[in-house]
Every structure is written in C-alpha cells, then in structure tokens.
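A quick write-up on the structure given underneath.
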Amino acid sequence: MGKGKEEGKDTIYLVPHTHYDAIWVFTKEDYFYINLMLVHRGVAELVEKTDYKFLIEQTFLLEEMEKRYPDIFASIAKSIKEGKIEIADGEYLMADTMLPEGETLIREILLGKRYVKEKFGVDVPVMWQADSFGLNAQLPQIYKKSGYKYVAFRRGVSERKPSEFIWEGLDGTRILAHWMPLGYRAGLDLTKLEESYEKLKEVAATSRILMPSGSGVTLPQPETPEVVKAWNDERGEIAEMKIATPGEFFEALEDEIEEKKLKLEVRKGEMYSGKYSEVFPNCCSSRMWIKQGLCEYESWLTCCERWCTISSLLNTRYPSEELRNCWRMILFIAFHDVIPGTGMDRGYDEVRQYRGFITAEMSNRCIRVHTNIIEKESEKSESGVESSQFILRLVGLRSDIIVFNSLSWEVRNWVEMDLNFDRGKIVAIEGLKSGDEEIDVEVIKFARYEDDTLRYARIGFVPTVPAMGYKVYKILEREPKRLRYDPNFIMIRGNTIENGFFGVEVDPSTGLIDVSMGRRGEEREKICTANELVLEEETGDLYYHRQTLGIPLKTEKGEGVKYGSFRVKNFYITKSPLRRVINVETDYFSLRWPYRLTEKTEPLIWRHKFLECIKKIIVYKDIPRIDFITHVEDRHPRARLRVKFATDIKSSEYVCGSQFGVVSRPTDQASYKPEEEWVEEPCGAFPSLKWLDYSDGKKGLTVIHRGTPENEVRDGDVYLTLLRSVLMLSSDGKAGPAIPVPNAQELKRYVFRYSIYPHEGDWREASSYKHAYEFNTDMDALQLSDGAKPPLRRSFLKIEPKNVVLSALKKAENGDGGAILRFYETEGEETDAEITLFRAPKAVRVVNMLEEEDAGVEKELENGGERIMLKMKPFEIVTLRVEL
C-alpha cells in the first residue's frame with residue numbers, strides 16, 4: 001500500500017447476515033425450516049419495522065421461499081427492491097471453488113444472477129465468499145466477467161494485512177477484495193463490538209471497517225439498532241457505526257481510495273493458505289464417491305449439452321428445461337459443504353437421489369441426441385447438400401458404427417462398445433475401416449448363435465475422430481491392412497512391455513511397474529516406479545488427516561508396521577494387437593506369521609484380510625499413456641489409502657490443473673515448519689482438477705485422475721489419495737460438531753481410474769492438459785441401423801492452436817436461438833486463436849459470462865467464412881455469442 005490509513009474518524013459497517021448451508025449438520029429440510037420459518041420471517045419483520053438491514057446470499061433458498069412461503073417472499077422482495085436487504089454472493093448455491101470445474105462455477109453465478117434480475121430487478125455487485133474452503137486463481141476473471149465489482153471472503157490469505165487489497169487472477173484481471181480477518185462472526189457478539197473493532201482497525205487499509213454480524217443459521221438480533229445507537233452515543237466521535245450492507249461498505253471504500261489516491265497492495269493467484277484461516281485441504285479426500293460422481297457428471301453434462309446444441313442447429317428441439325434440471329442437481333453437489341464431503345451422513349441422501357436421476361437422464365439424453373444428429377446428417381447426405389472439407393461420402397455400408405468426439409481437437413483414444421447382430425449377419429470382427437483407414441480391433445467378449453454367427457460382441461479399438469465431430473467405421477471380417485513397418489508397436493519381452501513411447505517392467509512379486517522412457521533400440525531412462533498402494537493410519541475426521549505413526553501401516557514394497565503385509569494372489573498379462581493389460585490381484589492382511597526374522601522365513605499363515613484389490617495396468621500400442629483401473633474392497637476402518645509414483649525427479653514445485661488454467665504448488669510441505677504459528681499447519685496435500693505434473697524441465701511425469709483430487713509431492717514421490725476412512729465429522733469439535741459419521745468410514749467397494757503420462761520437457765511441451773482431457777472425456781460410440789447413412793466424417797467445431805480449450809457450447813439463456821461458445825487459453829501464452837465452425841456464422845459478438853454485451857469484455861474479432869479469429873491473453877476466458 002503506497003499511502004497508509006490517515007488518522008481520523010473511522011466508519012464501521014455492521015452487516016447483519018446469516019450464512020446458509022444447504023446441508024451440513026442438518027438435513028436440507030431442517031435448514032429450510034430454520035432459515036425460512038425462523039430466520040427470514042424474523043428478518044422480514046425486523047427490516048419492515050426498524051432501520052435494520054440484512055444480507056442474503058444464495059438464490060436456492062429464495063426460490064424455495066417463493067414456493068413455500070409467498071407472504072415472506074413478498075416482504076423480502078419489497079425490502080430487496082428498497083435496498084434494505086442486499087443480495088451478496090448471488091449464486092444459486094455458494095460453491096466450493098477448488099473442486100468443481102470452472103464451468104460449474106459460472107453456472108452457479110449465471111443461474112443465481114438471472115433469478116435475482118428477473119425477480120427483483122437488481123444487480124449483485126458483491127461476491128460474498130463466506131465459507132468456501134479457499135479460492136481458485138481464476139476467480140477475479142470469473143467474477144469481473146460475471147458482473148461483480150467486489151469480493152469479500154473468509155479463507156485462504158497468506159498475508160494478514162491490509163485486509164483490503166487488489167486481487168489479480170491468472171490472466172491479470174483485478175478486483176477489489178476484502179478479507180474477513182475475524183471471519184463472518186466479527187460482529188456477532190454485540191457485547192464485544194469494541195474488541196472486534198480494535199482488531200479489525202489494526203489491519204484495515206482505510207478508515208472503512210467491515211464488521212459482519214452473523215454466522216451459520218443465526219437468528220436476527222432485534223436489539224441491534226439499539227446497540228448501534230448506544231455505540232454512537234458513547235464512541236461515535238472516534239468511530240461511527242452503521243447498520244449496513246456489503247455494497248455500502250465497498251462503495252465507501254472505493255470512494256476513500258479514490259479521494260486519498262491510495263494505492264492498494266496487489267496480490268496474485270489462488271487464496272489457499274492455512275496461515276490465517278483454515279482451508280481444510282484433507283477434505284479433498286473425504287467421501288471420495290462424491291468427488292468421483294461430480295467429476296463424471298460435469299463431463300457428461302457439458303458434453304451432452306454440446307451435442308444438444310449441435311443437434312438444435314440441425315433443426316431439432318433443444319432440451320432447455322431437462323438440461324437445466326440436471327445443472328441444478330450438479331450445482332447442489334458443487335455446494336461448499338457437499339462436494340468437500342464435510343457434512344453428516346443423512347445430508348447426502350439427496351446427493352444419492354440426484355446421482356440416480358442424472359445417470360438415467362444423461363444415459364437416455366445422449367443416445368437420443370446422437371440419434372437425432374445421425375438422422376439429420378443422413379438426410380443431408382442423401383440430398384447431397386452441404387458438402388465441405390469436413391464431409392466425405394459413405395455409400396451403401398452396413399454393420400457400421402459411429403464414434404463421437406466431444407473435444408475441440410482431433411482425438412485418438414481407446415473406445416469400448418457393445419454390438420448386437422441379427423442371425424447370419426457377421427461371423428467375425430477382425431478390424432474397422434473408414435475410407436482408406438483400416439484399424440485393429442480387440443474383441444473383449446462375444447456370444448454366438450447356433451449357426452456360429454455373432455449375436456453379441458464387446459469390442460475395443462483406437463479411432464481417430466475429428467474435433468467436436470464424428471467418424472463412421474465399417475466392420476471388417478478380414479484382418480485390416482497394416483504398414484510393413486509400423487512406428488507404433490507393442491511387444492512383451494519376459495516381464496517387460498515395450499511400445500514406441502516407453503518400457504514397462506513388471507515385478508510379479510509385488511505387481512509394481514518400473515516405467516522407462518526412450519526410443520526403441522536406445523537405452524531408456526527410468527521415470528518412476530508406479531502404482532504402489534500405501535496404507536496409512538487415519539485418526540482424523542472429515543476435515544483433517546491425522547496419524548500418530550511416523551511410518552505407513554504397510555506399503556506394497558513391504559515398508560511399515562511389521563505385522564501386516566500385502567500379498568499378490570494372482571498375476572497375469574493379457575494381450576491384443578492394441579494393448580497389453582497387466583492384471584494383479586492383491587490382498588492386505590493385518591497379520592502374517594512368522595512376523596519376526598522375516599528375511600529368513602517366508603510367511604506361512606495370513607490372517608485378518610481387510611483390503612482386496614484388483615489392479616489393471618493398461619499399456620497401449622498407439623496412446624502415450626499408461627492407464628490404471630484399481631478396484632478396492634475396503635474393510636479397513638481408520639485408514640488412508642494412497643497410490644504412490646516414486647521418481648528421481650528433483651524440483652521444489654509442481655503444477656496442478658485448476659479451473660481454466662494451471663497453478664504451481666510447493667513440494668515437501670509436510671515437513672515444512674513455519675517460523676510463526678499458523679492457524680492450520682501445512683500438510684502437503686493440495687487439490688487438482690484432472691491432472692498434476694512433476695518435472696525438472698528435462699523430463700516429467702503427468703499424473704491424471706478421474707475424481708480423486710487430493711495429491712502430494714514429497715521426497716520426489718507423487719501421491720494420489722484414493723480414500724480416507726474416518727468416523728467423526730470433527731473429532732475435536734473445532735471445525736464442526738463432534739458428530740459420528742459411520743458412512744464416512746468408506747467400508748465399501750470403489751473403482752479408481754487414473755493414468756500416467758511420462759514425457760520429455762515440461763508440462764507445456766508435453767501438452768499435459770490435453771492428455772488429461774482425453775482421459776476424462778469418453779468418446780461415444782453407437783451402432784448404426786441399416787438405414788442410417790451419415791457422411792463418413794464430420795467436424796462441427798474446431799479450435800486451434802492446441803492451448804485453446806473448449807469449455808462450453810450451449811444455447812443462449814434468453815432463448816432467441818443464439819449459441820454460446822466459451823473457451824480459454826491454458827498455457828499462459830498470448831495466442832492467436834482460430835475457431836472453425838461447420839457453417840458460416842451470421843453474427844458473432846463477445847459477451848460476458850452472463851451472456852450480455854459488456855464494454856469490459858470487448859475484443860476485436862475477424863470473421864472469414866466459417867472461421868473466427870481473435871487474439872487471446874494468457875489464461876484468458878472468452879465467451880462468444882454466435883448466430884448460425
């Protein structure tokens with residue numbers, strides 16, 4: 001800060017509020033009753049009769065109020081329009097900002113702000129992040145492009161003062177920010193206002209003091225106006241106190257900064273430090289089934305939404321309400337006490353119901369929309385219209401399949417699908433053909449009719465599919481044509497699998513693999529020992545991992561407490577022309593005998609089996625990843641299970657995929673001892689979206705996951721947490737009530753999917769983010785009916801270069817037929833981007849994230865036929881409105 005706060009009279013902005021939890025220590029219905037009948041009924045009366053003011057956060061609660069209690073809603077609405085009640089935050093639900101996708105965070109804001117505008121005719125200028133467990137590095141950009149001018153938040157700062165500063169995001173966007181030094185309860189105890197004032201004044205940047213007066217589900221305090229009057233009578237000459245809203249505080253703060261020409265400190269990046277407030281990093285591994293589910297459903301819904309948009313542009317109905325219903329359920333799961341898994345058991349009944357609904361709806365919706373596209377494309381193919389560089393003809397084929405790629409670049413990836421045949425139609429499946437391209441296929445399982453023709457087959461193959469498009473393949477009953485010398489190969493020598501990318505040596509005694517990298521015929525350099533399960537003691541709760549042991553309970557290499565051991569009971573390798581699959585079945589026993597002098601005596605007796613693991617390790621011929629599918633039957637209470645990738649890489653930092661970008665994180669934080677006391681000591685664990693990369697600039701290892709976000713890099717080794725088994729919501733009663741949560745013991749069956757991508761150079765050179773997207777985004781394959789004759793291949797949307805990534809393709813919310821296209825730059829480089837559509841747009845405009853024209857987001861666009869060209873700043877998110 002260039003100029004300090006001048007001496008003089010302070011102004012305290014006392015902001016009455018209550019923080020709404022959709023679920024936490026009560027059920028959703030309990031919270032509705034408390035908030036609607038007890039809290040907000042009282043607020044409505046108090047605001048109407050006195051000069052009391054109030055803050056409301058989330059529209060999810062207002063929607064329910066409107067349906068259940070229209071009288072309370074009418075009173076609240078009147079006060080909102082009069083400015084006595086302010087909506088701050090304004091999201092549908094206050095999301096966790098570290099675990100959901102960036103697109104999900106935008107939808108929380110879009111749905112909430114549209115409701116506020118429609119019902120009350122007001123804007124929401126203040127983002128009020130009262131309780132999210134840290135803030136991601138792209139929020140300044142998201143907030144500014146969603147119409148926010150200010151942000152007040154509670155958790156994650158690494159500097160205590162000043163409490164007001166300019167927060168800069170990854171792309172350079174800046175927003176005026178206030179950190180709540182005493183949390184959102186600073187003014188809750190009306191008998192201790194002077195004590196709170198002194199603490200807040202000590203860190204404030206100006207004479208404007210924000211004092212939130214509330215807490216979670218807190219009743220309004222009718223005596224507040226009298227307390228404020230008494231304060232001003234006694235202390236008003238030093239500090240005037242006002243019952244106010246956050247907007248009033250920020251407007252006054254902005255005025256003083258401008259008037260006194262103050263230059264506030266600029267802070268960059270994510271707010272995820274436990275130095276002055278808790279961010280609970282270990283909640284990233286609590287109730288892992290919720291994280292896995294959100295990861296799956298976010299990808300599923302955004303992909304389905306893209307295809308529904310394409311289908312509507314081909315003149316079919318866009319299922320607006322059906323998609324919106326699914327989004328509402330995902331936004332509930334993304335809530336800041338749902339996705340972290342930090343609530344009591346019964347609260348998650350709602351999540352299970354939503355998961356069932358989304359699964360049923362998306363399964364049917366995706367088949368329906370792909371079928372619609374096939375029908376429309378077949379009509380155009382037969383009529384001979386719309387030929388372009390994206391269409392090649394396919395005439396008279398039968399026994400065909402079609403593969404859809406939902407990503408904005410051409411993708412080559414593994415696909416599995418089920419096929420059903422009429423009697424006498426197909427005898428064998430040896431390969432697939434698309435134009436001049438012929439590829440191998442793996443028949444995973446099959447069934448035959450009595451005449452020996454195929455009735456059913458499940459096949460796997462590696463198609464190459466155009467960007468945001470499809471490709472049609474014909475089934476070959478003969479072997480496909482192959483190159484005399486194929487640069488991509490796969491082979492087994494002893495226990496070593498080699499392909500054109502790396503070598504994988506398997507240790508049959510443990511099931512672990514050593515991965516080396518290098519060209520065929522050259523000496524390969526070892527990158528890591530991969531996929532080692534590490535079982536650790538867990539004495540913590542939903543918020544924190546704790547252990548008393550300084551060593552693991554056991555690792556698959558044998559380290560840890562002497563009594564127990566992992567035991568490989570089965571090991572074999574299956575092969576096909578496309579891949580090798582290493583199958584390992586391993587059990588963990590808490591006791592083996594003899595357990596002394598084990599270096600001299602082999603175990604004879606194994607007892608107390610508490611883990612059963614089936615691991616599949618997949619090495620492909622044509623894909624530079626190694627995929628892992630790990631089935632765990634967990635019966636071990638109070639344990640943390642992690643998977644370890646041991647490397648010899650030495651670096652003090654690594655990078656993690658984040659919302660619309662990439663962030664750097666320090667390594668070896670578990671052993672870091674701060675010089676001063678932290679509110680929450682560093683534990684080394686951090687969240688990531690889809691991937692993390694650990695490299696030294698010459699070589700590196702990208703670890704990719706599907707919904708297991710907690711990771712740590714320690715002593716050169718990379719860890720992914722698979723699950724934590726805990727019994728208490730908060731074991732010491734500090735982070736929350738000491739409520740038993742038996743369902744959080746995770747004594748169930750899990751399937752974990754993760755992958756590694758060894759590479760040369762750093763994550764940018766390796767395009768780690770692209771491999772992460774490909775691993776997380778399944779291609780959809782359908783069997784064509786005999787009458788369907790779509791073009792051989794088609795691309796509806798392509799974005800170049802590779803570092804510009806599609807985030808959303810949807811119909812505009814105002815329903816006028818326009819399409820919304822959102823994409824972002826992900827390498828931190830200024831980029832000339834080019835978007836190619838399947839037809840020339842009639843009009844293209846840059847809009848903000850609320851889908852409105854906004855001078856703050858204007859950009860120069862070049863249109864040329866089907867192409868749109870623009871310059872993008874590093875980590876910039878761009879939203880276009882396209883008329884097609």
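Letters A, B, ... mark the chains of the structure tokens in the order given; residue numbers begin at 1 per chain; ligand numbers begin at 1, in order shown.
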Worksheet item: Looking only at the backbone, which of the residues in segment 459-662 of chain A does DSSP tag as strand (DSSP E), as a ChimeraX atom specification?
Response: /A:459-461,464-465,469-476,490-493,496-499,502-506,513-517,525-537,554-555,565-575,579-593,605-620,626-634,639-647,653-658,661-662
Discussion item. Show me, as a PyMOL selection string, the residues that have an atom within 8 Å of Lys810 of chain A when counting only C-alpha atoms, minus same-chain residues fewer than 6 positions from it.
Written reply: chain A and resi 305-306+308-309+819-821
Item to complete: Fewer than 5 positions away in the same chain doesn't count, so skip those; otherwise give me all residues within 6 Å of segment 867-883 of chain A, counting only C-alpha atoms, as a PyMOL selection string.
Response: chain A and resi 171+818-826+828-836+841-847+861-862
Take the residues from that selection and put them in a file with C-alpha atoms, as an mmCIF file, in the first residue's frame.
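Below is the file that was written, result.cif:
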data_model
loop_
_atom_site.group_PDB
_atom_site.id
_atom_site.type_symbol
_atom_site.label_atom_id
_atom_site.label_comp_id
_atom_site.auth_asym_id
_atom_site.auth_seq_id
_atom_site.Cartn_x
_atom_site.Cartn_y
_atom_site.Cartn_z
ATOM 1 C CA ASP A 171 -4.901 -13.602 -16.675
ATOM 2 C CA GLY A 818 -28.187 -17.932 -30.457
ATOM 3 C CA ALA A 819 -25.395 -20.233 -29.314
ATOM 4 C CA ILE A 820 -22.883 -19.525 -26.557
ATOM 5 C CA LEU A 821 -19.300 -20.619 -27.159
ATOM 6 C CA ARG A 822 -16.795 -20.393 -24.293
ATOM 7 C CA PHE A 823 -13.100 -21.298 -24.439
ATOM 8 C CA TYR A 824 -9.864 -20.436 -22.625
ATOM 9 C CA GLU A 825 -6.102 -20.286 -23.066
ATOM 10 C CA THR A 826 -4.342 -22.774 -20.799
ATOM 11 C CA GLY A 828 -0.181 -18.874 -20.048
ATOM 12 C CA GLU A 829 0.828 -17.657 -23.510
ATOM 13 C CA GLU A 830 -0.549 -14.878 -25.704
ATOM 14 C CA THR A 831 -2.207 -16.717 -28.570
ATOM 15 C CA ASP A 832 -3.805 -16.141 -31.955
ATOM 16 C CA ALA A 833 -6.878 -18.360 -31.751
ATOM 17 C CA GLU A 834 -8.895 -19.675 -34.675
ATOM 18 C CA ILE A 835 -12.331 -21.243 -34.403
ATOM 19 C CA THR A 836 -13.735 -23.206 -37.346
ATOM 20 C CA PRO A 841 -21.983 -17.588 -38.700
ATOM 21 C CA LYS A 842 -24.422 -14.740 -39.400
ATOM 22 C CA ALA A 843 -23.126 -12.733 -36.451
ATOM 23 C CA VAL A 844 -20.543 -13.104 -33.677
ATOM 24 C CA ARG A 845 -20.273 -10.967 -30.552
ATOM 25 C CA VAL A 846 -18.116 -11.123 -27.441
ATOM 26 C CA VAL A 847 -20.284 -11.273 -24.307
ATOM 27 C CA LEU A 861 -12.819 -10.373 -33.977
ATOM 28 C CA GLU A 862 -12.051 -11.342 -37.561
#
Fill in: Minimum-distance residue to Gly518 of chain A, chosen among A:Ile618, A:Leu93, A:His759, A:Ile649 (using only C-alpha atoms)
A:His759
Worksheet item: If you count only C-alpha atoms, which residues fall within 8 Å of segment 638-643 of chain A, apart from same-chain ones fewer than 5 positions away, as a list in words?
Response: Asn531, Glu532, Leu533, Val534, Leu535, Glu536, Glu537, Glu538, Thr539, Tyr719, Leu720, Thr721, Leu722, Leu723, Arg724, Ser725, Val726, Leu727 and Gln745 of chain A
Write out, as JSON lines, each residue of segment 610-668 of chain A that has an atom at most 7 Å from segment 587-594 of chain A, together with the closest pair of atoms and their distance in Å to one decimal, counting only C-alpha atoms, rows going by chain and rising number.
{"residue": "A:Phe610", "atom": "CA", "partner": "A:Tyr588", "partner_atom": "CA", "distance": 6.1}
{"residue": "A:Leu611", "atom": "CA", "partner": "A:Tyr588", "partner_atom": "CA", "distance": 5.0}
{"residue": "A:Glu612", "atom": "CA", "partner": "A:Asp587", "partner_atom": "CA", "distance": 4.5}
{"residue": "A:Cys613", "atom": "CA", "partner": "A:Asp587", "partner_atom": "CA", "distance": 5.9}
Item to complete: Please measure the separation of atom CA of Phe502 of chain A and atom CA of Phe404 of chain A, giving the value in Å to one decimal.
Response: 28.9 Å
